[in-house]
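Asker: Structure supplied as entry_0.cif; contents: mmCIF, C-alpha atoms.
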data_run
#
loop_
_atom_site.label_atom_id
_atom_site.label_comp_id
_atom_site.auth_asym_id
_atom_site.auth_seq_id
_atom_site.Cartn_x
_atom_site.Cartn_y
_atom_site.Cartn_z
CA MET A 1 0.00 0.00 0.00
CA GLU A 2 2.84 2.39 0.85
CA ARG A 3 4.49 1.59 -2.47
CA SER A 4 1.48 2.40 -4.62
CA PHE A 5 0.88 5.57 -2.57
CA ALA A 6 4.49 6.66 -3.13
CA LEU A 7 4.35 5.75 -6.82
CA VAL A 8 1.18 7.83 -7.28
CA ALA A 9 2.85 10.82 -5.55
CA LEU A 10 6.07 10.46 -7.54
CA PHE A 11 4.18 10.25 -10.82
CA ALA A 12 2.31 13.45 -9.93
CA ALA A 13 5.72 15.07 -9.38
CA LEU A 14 6.99 13.57 -12.65
CA ILE A 15 4.07 15.05 -14.63
CA ALA A 16 4.94 18.44 -13.14
CA VAL A 17 8.66 18.13 -13.92
CA LEU A 18 7.98 17.00 -17.49
CA GLY A 19 5.98 20.22 -17.90
CA LEU A 20 8.99 22.24 -16.73
CA VAL A 21 11.29 20.63 -19.28
CA PRO A 22 11.88 23.19 -22.03
CA SER A 23 9.50 22.35 -24.83
CA PHE A 24 10.98 21.14 -28.09
CA MET A 25 9.81 22.34 -31.47
CA LEU A 26 8.41 20.13 -34.19
CA ILE A 27 9.16 20.79 -37.85
CA THR A 28 5.81 22.61 -37.90
CA GLY A 29 7.17 25.15 -35.41
CA VAL A 30 4.59 24.23 -32.78
CA PRO A 31 6.01 24.06 -29.26
CA ILE A 32 5.35 20.69 -27.65
CA SER A 33 5.72 20.06 -23.94
CA ALA A 34 6.29 16.68 -22.41
CA GLN A 35 3.49 17.15 -19.88
CA SER A 36 0.90 14.99 -21.64
CA LEU A 37 3.61 12.35 -22.01
CA GLY A 38 3.61 12.24 -18.23
CA VAL A 39 -0.17 11.75 -18.21
CA MET A 40 0.11 8.89 -20.73
CA LEU A 41 2.94 7.26 -18.73
CA ALA A 42 0.94 7.51 -15.50
CA GLY A 43 -1.76 5.39 -17.13
CA CYS A 44 0.62 2.96 -18.86
CA VAL A 45 2.73 2.32 -15.75
CA LEU A 46 0.33 2.76 -12.81
CA GLY A 47 -2.81 1.41 -14.45
CA ALA A 48 -6.29 2.93 -14.66
CA LYS A 49 -7.14 3.81 -11.05
CA ARG A 50 -3.73 4.84 -9.74
CA GLY A 51 -2.81 6.61 -12.99
CA ALA A 52 -5.94 8.73 -12.74
CA LEU A 53 -5.20 9.38 -9.03
CA ALA A 54 -1.68 10.62 -9.88
CA VAL A 55 -3.14 13.02 -12.45
CA LEU A 56 -5.82 14.24 -10.01
CA LEU A 57 -3.13 14.89 -7.40
CA PHE A 58 -1.15 16.88 -9.97
CA LEU A 59 -4.26 18.92 -10.87
CA LEU A 60 -4.96 19.56 -7.17
CA LEU A 61 -1.51 21.14 -6.84
CA VAL A 62 -2.18 23.27 -9.94
CA ALA A 63 -5.49 24.39 -8.43
CA LEU A 64 -3.73 25.18 -5.14
CA GLY A 65 -1.70 27.73 -7.09
CA LEU A 66 1.57 26.05 -8.04
CA PRO A 67 2.80 27.02 -11.55
CA LEU A 68 3.15 23.44 -12.76
CA LEU A 69 1.33 23.41 -16.09
CA ALA A 70 3.53 23.61 -19.18
CA GLY A 71 4.64 27.21 -19.65
CA GLY A 72 4.55 27.92 -15.92
CA ARG A 73 0.77 28.27 -15.77
CA GLY A 74 -1.23 27.42 -12.69
CA GLY A 75 -3.83 28.65 -10.24
CA LEU A 76 -7.58 28.51 -10.38
CA GLY A 77 -7.82 30.61 -13.55
CA VAL A 78 -6.70 27.77 -15.82
CA PHE A 79 -9.78 25.78 -14.75
CA VAL A 80 -12.19 28.35 -16.18
CA GLY A 81 -10.12 29.22 -19.27
CA PRO A 82 -10.56 27.97 -22.84
CA THR A 83 -8.15 25.04 -22.39
CA ALA A 84 -9.86 23.75 -19.22
CA GLY A 85 -11.30 20.86 -21.25
CA PHE A 86 -7.84 19.36 -21.56
CA LEU A 87 -7.36 19.57 -17.79
CA ALA A 88 -10.70 17.81 -17.23
CA GLY A 89 -9.60 15.22 -19.79
CA PHE A 90 -6.20 14.52 -18.18
CA PRO A 91 -7.44 12.08 -15.48
CA VAL A 92 -9.83 10.37 -17.90
CA ALA A 93 -7.01 10.05 -20.44
CA ALA A 94 -4.78 8.40 -17.83
CA PHE A 95 -7.65 6.13 -16.74
CA VAL A 96 -8.46 4.93 -20.28
CA THR A 97 -4.75 4.49 -21.09
CA GLY A 98 -4.29 2.43 -17.92
CA TRP A 99 -7.48 0.45 -18.45
CA ILE A 100 -6.35 -0.70 -21.89
CA THR A 101 -2.82 -1.46 -20.69
CA GLU A 102 -4.15 -3.55 -17.79
CA ARG A 103 -6.53 -5.62 -19.85
CA TRP A 104 -4.73 -6.17 -23.13
CA ARG A 105 -2.25 -8.96 -22.35
CA GLY A 106 -0.30 -11.36 -24.54
CA VAL A 107 0.99 -8.72 -26.96
CA ASP A 108 4.30 -6.85 -26.76
CA LEU A 109 3.99 -4.19 -24.03
CA MET A 110 5.47 -1.48 -26.25
CA LEU A 111 2.64 -1.95 -28.75
CA VAL A 112 -0.05 -2.21 -26.06
CA ALA A 113 1.13 0.88 -24.15
CA GLY A 114 1.67 2.90 -27.33
CA LEU A 115 -1.83 2.16 -28.63
CA ALA A 116 -3.35 2.67 -25.18
CA ALA A 117 -1.64 6.07 -24.99
CA LEU A 118 -2.93 6.87 -28.47
CA VAL A 119 -6.52 6.06 -27.52
CA GLY A 120 -6.43 7.55 -24.00
CA GLY A 121 -3.87 10.32 -24.29
CA VAL A 122 -4.80 11.54 -27.77
CA LEU A 123 -8.36 10.48 -28.76
CA VAL A 124 -10.00 10.80 -25.34
CA LEU A 125 -7.95 13.85 -24.34
CA TYR A 126 -8.79 15.73 -27.54
CA ALA A 127 -12.48 14.85 -27.18
CA PHE A 128 -12.42 16.66 -23.83
CA GLY A 129 -10.21 19.47 -25.16
CA VAL A 130 -12.49 20.10 -28.14
CA ALA A 131 -15.61 19.98 -25.94
CA GLY A 132 -13.98 22.51 -23.60
CA MET A 133 -13.11 24.88 -26.43
CA MET A 134 -16.65 24.57 -27.79
CA LEU A 135 -18.10 25.50 -24.40
CA ALA A 136 -15.64 28.24 -23.43
CA ALA A 137 -14.81 29.73 -26.83
CA GLY A 138 -18.05 29.18 -28.73
CA LEU A 139 -16.33 27.30 -31.54
CA SER A 140 -17.91 24.51 -33.56
CA PRO A 141 -16.24 21.05 -33.29
CA VAL A 142 -14.61 21.48 -36.71
CA GLN A 143 -13.29 24.92 -35.84
CA ALA A 144 -11.93 23.75 -32.51
CA LEU A 145 -10.23 20.78 -34.15
CA THR A 146 -8.71 23.03 -36.83
CA ALA A 147 -7.32 25.31 -34.14
CA LEU A 148 -5.78 22.30 -32.38
CA ALA A 149 -4.67 20.35 -35.47
CA ALA A 150 -1.10 21.64 -35.25
CA PHE A 151 -0.63 19.85 -31.91
CA VAL A 152 -1.90 16.43 -33.02
CA PRO A 153 1.31 15.16 -34.73
CA GLY A 154 3.35 15.94 -31.60
CA ASP A 155 0.88 14.08 -29.41
CA ILE A 156 0.93 11.02 -31.67
CA ILE A 157 4.73 11.00 -31.38
CA LYS A 158 4.38 11.26 -27.60
CA ALA A 159 2.08 8.22 -27.56
CA ALA A 160 4.75 6.26 -29.44
CA ILE A 161 7.42 7.45 -26.98
CA ALA A 162 5.15 6.41 -24.09
CA GLY A 163 5.01 2.90 -25.60
CA VAL A 164 8.80 2.66 -25.93
CA LEU A 165 9.33 4.04 -22.41
CA THR A 166 6.77 1.73 -20.82
CA ARG A 167 8.50 -1.38 -22.17
CA ALA A 168 11.90 0.00 -21.10
CA ILE A 169 10.53 0.66 -17.59
CA TRP A 170 9.02 -2.84 -17.53
CA GLN A 171 12.45 -4.28 -18.37
CA ALA A 172 14.34 -2.13 -15.86
CA ARG A 173 11.87 -2.02 -12.92
CA PRO A 174 9.16 -4.63 -13.52
CA GLU A 175 7.90 -4.36 -9.94
CA ALA A 176 7.05 -0.65 -10.45
CA VAL A 177 4.77 -1.31 -13.42
CA LEU A 178 1.57 -1.69 -11.40
CA SER A 179 -0.53 -2.05 -14.56
CA ARG A 180 1.13 -5.44 -15.15
CA SER A 181 2.52 -6.75 -11.91
CA ARG A 182 -0.81 -7.79 -10.43
CA MET B 1 9.93 26.83 -5.54
CA LEU B 2 8.18 29.71 -7.19
CA ALA B 3 4.56 29.94 -6.11
CA LEU B 4 1.93 32.18 -7.62
CA THR B 5 1.09 33.92 -4.35
CA LEU B 6 1.56 37.62 -3.73
CA GLU B 7 4.16 38.43 -1.06
CA ALA B 8 2.60 41.68 0.16
CA ARG B 9 -0.34 41.31 2.58
CA THR B 10 -3.52 42.94 1.33
CA TRP B 11 -7.14 43.17 2.40
CA ALA B 12 -7.92 40.24 0.11
CA HIS B 13 -5.49 38.04 2.07
CA ARG B 14 -7.60 38.52 5.17
CA LEU B 15 -10.82 37.16 3.64
CA PRO B 16 -11.40 33.46 4.40
CA ALA B 17 -10.25 31.22 1.52
CA GLY B 18 -13.56 29.36 1.45
CA LEU B 19 -15.50 32.62 1.08
CA LYS B 20 -13.29 33.75 -1.82
CA LEU B 21 -13.72 30.41 -3.61
CA ALA B 22 -17.49 30.48 -3.10
CA LEU B 23 -17.70 34.05 -4.45
CA VAL B 24 -15.70 33.13 -7.56
CA ALA B 25 -17.89 30.08 -8.17
CA LEU B 26 -20.98 32.28 -7.79
CA VAL B 27 -19.69 34.88 -10.28
CA VAL B 28 -18.78 32.13 -12.79
CA VAL B 29 -22.29 30.69 -12.60
CA LEU B 30 -23.93 34.11 -12.85
CA ALA B 31 -21.70 35.36 -15.68
CA LEU B 32 -22.08 32.40 -18.04
CA PRO B 33 -25.67 33.15 -19.19
CA VAL B 34 -24.97 36.90 -19.72
CA THR B 35 -25.01 37.72 -23.46
CA ASP B 36 -24.53 41.49 -23.43
CA PRO B 37 -20.83 42.29 -24.06
CA ARG B 38 -21.23 45.62 -22.22
CA LEU B 39 -22.17 43.87 -18.97
CA VAL B 40 -19.23 41.49 -19.31
CA ALA B 41 -16.94 44.43 -20.11
CA GLY B 42 -18.18 45.96 -16.87
CA LEU B 43 -17.16 42.78 -15.06
CA VAL B 44 -13.68 42.99 -16.62
CA VAL B 45 -13.37 46.58 -15.38
CA ALA B 46 -14.55 45.53 -11.92
CA VAL B 47 -11.96 42.72 -11.77
CA ALA B 48 -9.26 45.13 -12.95
CA GLY B 49 -10.39 47.49 -10.21
CA LEU B 50 -9.96 44.73 -7.62
CA TYR B 51 -6.40 44.15 -8.83
CA ALA B 52 -5.74 47.91 -8.70
CA SER B 53 -6.96 48.03 -5.09
CA LEU B 54 -4.31 45.45 -4.18
CA GLY B 55 -1.45 47.56 -5.50
CA ARG B 56 1.07 47.59 -8.29
CA GLN B 57 2.63 44.18 -7.58
CA ALA B 58 -0.76 42.47 -7.80
CA MET B 59 -1.49 44.13 -11.14
CA ARG B 60 1.86 43.02 -12.54
CA MET B 61 1.30 39.46 -11.31
CA GLY B 62 -2.25 39.39 -12.71
CA LEU B 63 -1.00 40.41 -16.14
CA ARG B 64 1.79 37.85 -16.01
CA LEU B 65 -0.76 35.10 -15.30
CA LEU B 66 -2.97 36.26 -18.18
CA ARG B 67 -0.14 36.47 -20.74
CA PRO B 68 -0.36 32.80 -21.90
CA LEU B 69 -4.04 33.48 -22.71
CA ALA B 70 -3.23 36.16 -25.29
CA VAL B 71 -2.62 33.74 -28.17
CA VAL B 72 -5.78 31.74 -27.46
CA LEU B 73 -7.89 34.89 -27.23
CA ALA B 74 -6.41 36.13 -30.53
CA ILE B 75 -7.32 32.83 -32.24
CA ILE B 76 -10.89 32.98 -30.87
CA MET B 77 -11.30 36.60 -31.99
CA ILE B 78 -9.94 35.90 -35.49
CA TRP B 79 -12.27 32.91 -35.87
CA HIS B 80 -15.28 35.00 -35.01
CA LEU B 81 -14.20 37.88 -37.26
CA VAL B 82 -13.91 35.42 -40.16
CA LEU B 83 -17.42 34.20 -39.35
CA HIS B 84 -18.74 37.81 -39.10
CA GLU B 85 -19.59 37.17 -35.45
CA ALA B 86 -17.45 39.92 -33.96
CA ARG B 87 -19.96 40.59 -31.17
CA LEU B 88 -19.96 36.96 -30.04
CA GLY B 89 -16.16 36.81 -30.26
CA LEU B 90 -15.86 39.93 -28.14
CA LEU B 91 -18.31 38.53 -25.57
CA ILE B 92 -16.40 35.26 -25.28
CA CYS B 93 -12.98 36.93 -25.00
CA LEU B 94 -14.21 39.38 -22.36
CA ARG B 95 -15.87 36.57 -20.41
CA ILE B 96 -12.68 34.48 -20.41
CA LEU B 97 -10.62 37.52 -19.33
CA ALA B 98 -13.01 38.36 -16.48
CA LEU B 99 -13.41 34.82 -15.11
CA VAL B 100 -9.76 33.78 -15.42
CA GLY B 101 -8.67 37.10 -13.92
CA LEU B 102 -11.06 36.66 -11.00
CA ALA B 103 -10.01 33.07 -10.32
CA ASN B 104 -6.35 34.08 -10.44
CA LEU B 105 -7.12 36.78 -7.88
CA VAL B 106 -7.96 34.02 -5.37
CA THR B 107 -4.75 32.22 -6.23
CA ILE B 108 -2.47 35.22 -5.68
CA THR B 109 -4.12 36.28 -2.41
CA THR B 110 -4.53 32.90 -0.69
CA ARG B 111 -1.81 30.89 1.03
CA LEU B 112 -1.35 27.25 0.07
CA ASP B 113 -2.13 26.10 3.62
CA ASP B 114 -5.45 27.96 3.65
CA LEU B 115 -6.52 26.47 0.29
CA MET B 116 -5.45 23.05 1.55
CA ALA B 117 -7.69 23.52 4.60
CA VAL B 118 -10.64 24.19 2.25
CA VAL B 119 -9.79 21.06 0.27
CA GLU B 120 -9.75 18.98 3.46
CA TRP B 121 -13.09 20.48 4.49
CA LEU B 122 -14.58 19.64 1.09
CA LEU B 123 -13.20 16.10 1.31
CA ALA B 124 -14.50 15.51 4.83
CA PRO B 125 -17.85 14.00 3.69
CA LEU B 126 -15.92 11.50 1.55
CA SER B 127 -13.84 10.34 4.49
CA ARG B 128 -17.09 9.47 6.27
CA LEU B 129 -17.79 7.15 3.32
CA GLY B 130 -14.56 5.33 4.16
CA LEU B 131 -12.25 6.92 1.60
CA PRO B 132 -8.73 7.55 2.95
CA THR B 133 -8.87 11.33 2.46
CA SER B 134 -6.41 11.98 5.29
CA ARG B 135 -3.73 10.81 2.89
CA VAL B 136 -4.42 13.69 0.52
CA ALA B 137 -2.58 16.22 2.69
CA LEU B 138 0.36 13.84 3.05
CA ALA B 139 0.42 13.27 -0.73
CA VAL B 140 0.32 17.02 -1.45
CA ALA B 141 3.23 17.66 0.93
CA LEU B 142 5.15 14.75 -0.60
CA VAL B 143 4.70 15.97 -4.18
CA ILE B 144 5.68 19.54 -3.27
CA ARG B 145 8.80 18.12 -1.63
CA GLN B 146 9.66 15.84 -4.58
CA ILE B 147 9.16 18.25 -7.50
CA PRO B 148 12.30 20.35 -6.84
CA ALA B 149 14.33 17.19 -6.22
CA LEU B 150 13.16 15.67 -9.48
CA ALA B 151 13.67 18.96 -11.37
CA THR B 152 17.25 19.12 -10.07
CA ARG B 153 17.77 15.54 -11.26
CA ALA B 154 16.44 16.49 -14.71
CA GLU B 155 18.81 19.45 -14.86
CA ALA B 156 21.77 17.25 -13.85
CA LEU B 157 20.87 14.78 -16.61
CA ARG B 158 20.73 17.63 -19.13
CA ALA B 159 24.10 18.97 -17.96
CA ALA B 160 25.67 15.52 -18.27
CA TRP B 161 24.23 15.19 -21.77
CA ARG B 162 25.53 18.60 -22.86
CA ALA B 163 29.00 17.79 -21.57
CA ARG B 164 29.21 14.74 -23.83
CA ALA B 165 27.13 15.48 -26.93
CA THR B 166 26.81 18.24 -29.48
CA ARG B 167 23.18 17.41 -30.18
CA ARG B 168 20.51 18.94 -27.93
CA PRO B 169 19.14 16.64 -25.23
CA GLY B 170 15.73 15.19 -26.00
CA ARG B 171 13.62 12.18 -25.20
CA GLU B 172 16.76 10.13 -24.38
CA LEU B 173 16.66 11.72 -20.92
CA ALA B 174 13.07 10.67 -20.23
CA LEU B 175 13.90 7.07 -19.26
CA PRO B 176 16.62 7.88 -16.66
CA LEU B 177 14.34 10.59 -15.24
CA VAL B 178 11.37 8.21 -14.91
CA LEU B 179 13.54 5.47 -13.42
CA SER B 180 14.97 7.86 -10.83
CA ALA B 181 11.41 8.88 -9.92
CA LEU B 182 10.49 5.20 -9.49
CA ASP B 183 13.54 4.64 -7.27
CA ASP B 184 12.58 7.69 -5.20
CA ALA B 185 9.13 6.16 -4.79
CA GLU B 186 10.68 2.97 -3.36
CA GLN B 187 12.65 5.00 -0.84
CA VAL B 188 9.59 7.04 0.13
CA ALA B 189 7.62 3.82 0.56
CA ASP B 190 10.35 2.43 2.83
CA ALA B 191 10.40 5.66 4.81
CA LEU B 192 6.61 5.52 5.24
CA ARG B 193 6.71 1.88 6.38
CA ALA B 194 9.52 2.68 8.82
CA ARG B 195 7.26 5.33 10.38
CA GLY B 196 4.34 3.00 10.86
CA GLY B 197 2.92 2.89 7.36
CA LEU B 198 -0.27 4.24 5.91
CA ALA B 199 -2.63 1.80 7.58
CA PRO B 200 -5.54 3.48 9.34
CA PRO B 201 -5.79 5.37 11.67
CA ALA B 202 -4.63 8.48 9.83
CA PRO B 203 -0.84 8.99 9.67
CA PRO B 204 0.51 11.17 12.49
CA ASP B 205 1.37 14.79 11.77
CA GLU B 206 5.11 14.35 12.01
CA GLU B 207 5.08 12.54 8.66
CA ARG B 208 4.04 15.71 6.93
CA THR B 209 7.41 17.37 7.35
#
Output the structure of this file as structure tokens.
Answerer:
Amino acid sequence: MERSFALVALFAALIAVLGLVPSFMLITGVPISAQSLGVMLAGCVLGAKRGALAVLLFLLLVALGLPLLAGGRGGLGVFVGPTAGFLAGFPVAAFVTGWITERWRGVDLMLVAGLAALVGGVLVLYAFGVAGMMLAAGLSPVQALTALAAFVPGDIIKAAIAGVLTRAIWQARPEAVLSRSR
Amino acid sequence: MLALTLEARTWAHRLPAGLKLALVALVVVLALPVTDPRLVAGLVVAVAGLYASLGRQAMRMGLRLLRPLAVVLAIIMIWHLVLHEARLGLLICLRILALVGLANLVTITTRLDDLMAVVEWLLAPLSRLGLPTSRVALAVALVIRQIPALATRAEALRAAWRARATRRPGRELALPLVLSALDDAEQVADALRARGGLAPPAPPDEERT
């Protein structure tokens, strides 16, 4: 019990630190942060329930006023802004990613985790993000998607990286991969 | 670590955190159905006035927190201009400015401990349902403690990379960073067990340091 508690807390910290990492640019010139990679990894490694808990803990710290979102954003304002949909989607994304990783056995973990991250961390997350932009910014679904399209390639790459990392973590610290070890 | 709270003490610091949060929630609910841009513009002016009453440092901090919004607001405005819906675009941008500005006002005038007390109060009904909510405070303290440690580790990894490679560091550093976080978690778990573990009753206060 202490181990899963500590793993949840450390993953919340990891999501924050990945948001602090200077963002790298894609060929498209769109800045990409590693924060959503942290959300995907939380699901892949910790599984559905604990992955979502780690993300909720991270969001609680953001709401408490720590500048932990990518770009040094934080505080209560981000939860009523136009990108709040993504924040609401973060825990669900981690949950779906973890749910798929937990249940889909018998295939190479890199493939499972990568596809789980693609479904949870990209499809589900963007569904929430688009819904949020529709509500807060009055855009239609197509308009919101067009505005966000530049970020999609980077997030697909991140899902692939999450797959590679999850298998590497499984090989190096199998006991820490709660989505598989029980 | 840099927090988003204002150092100077102002009248807004003295209001109870729960009251401030409730007021913001009330304004958000009341402002959403308003469709007249002039009323929402009035709200923006009122929020700006609140910042002004807190002094120059608060105004500077408020603007700094709003800066990442500028691009998003520009995109929203351009969209609505293209659609010949300038009035709607203006309404939406003003509404976002007012509500985000107001919510940030709570953040910069409320100490972390006071917000945490509100969180614990809100969670109290859940603990009666048997959920281990007493661990939330411990988890928050733990994460706040671990973020600088992990950030320092990330910086050390980057420095080591730069000393050996001409290429910029990238995703190669993610694995060592994640593994070091996992190893930290093992140590934290050992430390928690050594102090009696997480088993109910709630962990004693000395674990929060």
Asker: Apply the PyMOL selection byres ((chain B) within 6 of (chain A)) to the structure shown and report the selected residues as a list in words.
Answerer: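 That selection, the PyMOL selection byres ((chain B) within 6 of (chain A)), comes back as Ala3, Leu4, Ile92, Ile96, Val100, Ala103, Asn104, Thr107, Ala139, Val143, Ile147, Ala151, Ala185 and Ala189 of chain B.
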Asker: Taking all atoms listed in the file into account, name the residue in B:Thr109, B:Thr35, B:Gln146, B:Val47 that is nearest to B:Trp11.
Answerer: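 Among B:Thr109, B:Thr35, B:Gln146, B:Val47, it is B:Thr109 that comes nearest to B:Trp11.
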Asker: Could you name the residues that touch A:Leu125 at 12 Å or less, counting all atoms listed in the file, but leaving out those on the same chain fewer than 5 positions away, as a PyMOL selection string?
Answerer: chain A and resi 36-37+39-40+83-97+117-120+130-132+148+152+155-156+159
Asker: Taking (-15.7, 33.3, -9.2) in the file's coordinates, which residues come within 10 Å, counting only C-alpha atoms, written as JSON, numbers by chain?
Answerer: {"A": [76, 77, 80], "B": [20, 21, 22, 23, 24, 25, 26, 27, 28, 29, 30, 31, 98, 99, 100, 101, 102, 103, 104, 105, 106]}
Asker: Which is closer to B:Glu155 than all the others in B:Val44, B:Leu177, B:Ala141, B:Leu39, using only C-alpha atoms?
Answerer: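 Looking only at the distances to B:Glu155, the closest residue turns out to be B:Leu177.
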Asker: Rounded to one decimal in Å, what is the spacing between atom CA of A:Gly163 and atom CA of A:Ala113?
Answerer: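 Rounded to one decimal, the two atoms are 4.6 Å apart.
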Asker: One number please: atom CA of A:Ala160 to atom CA of A:Arg180, in Å, one decimal.
Answerer: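 Those two atoms sit 18.8 Å apart.
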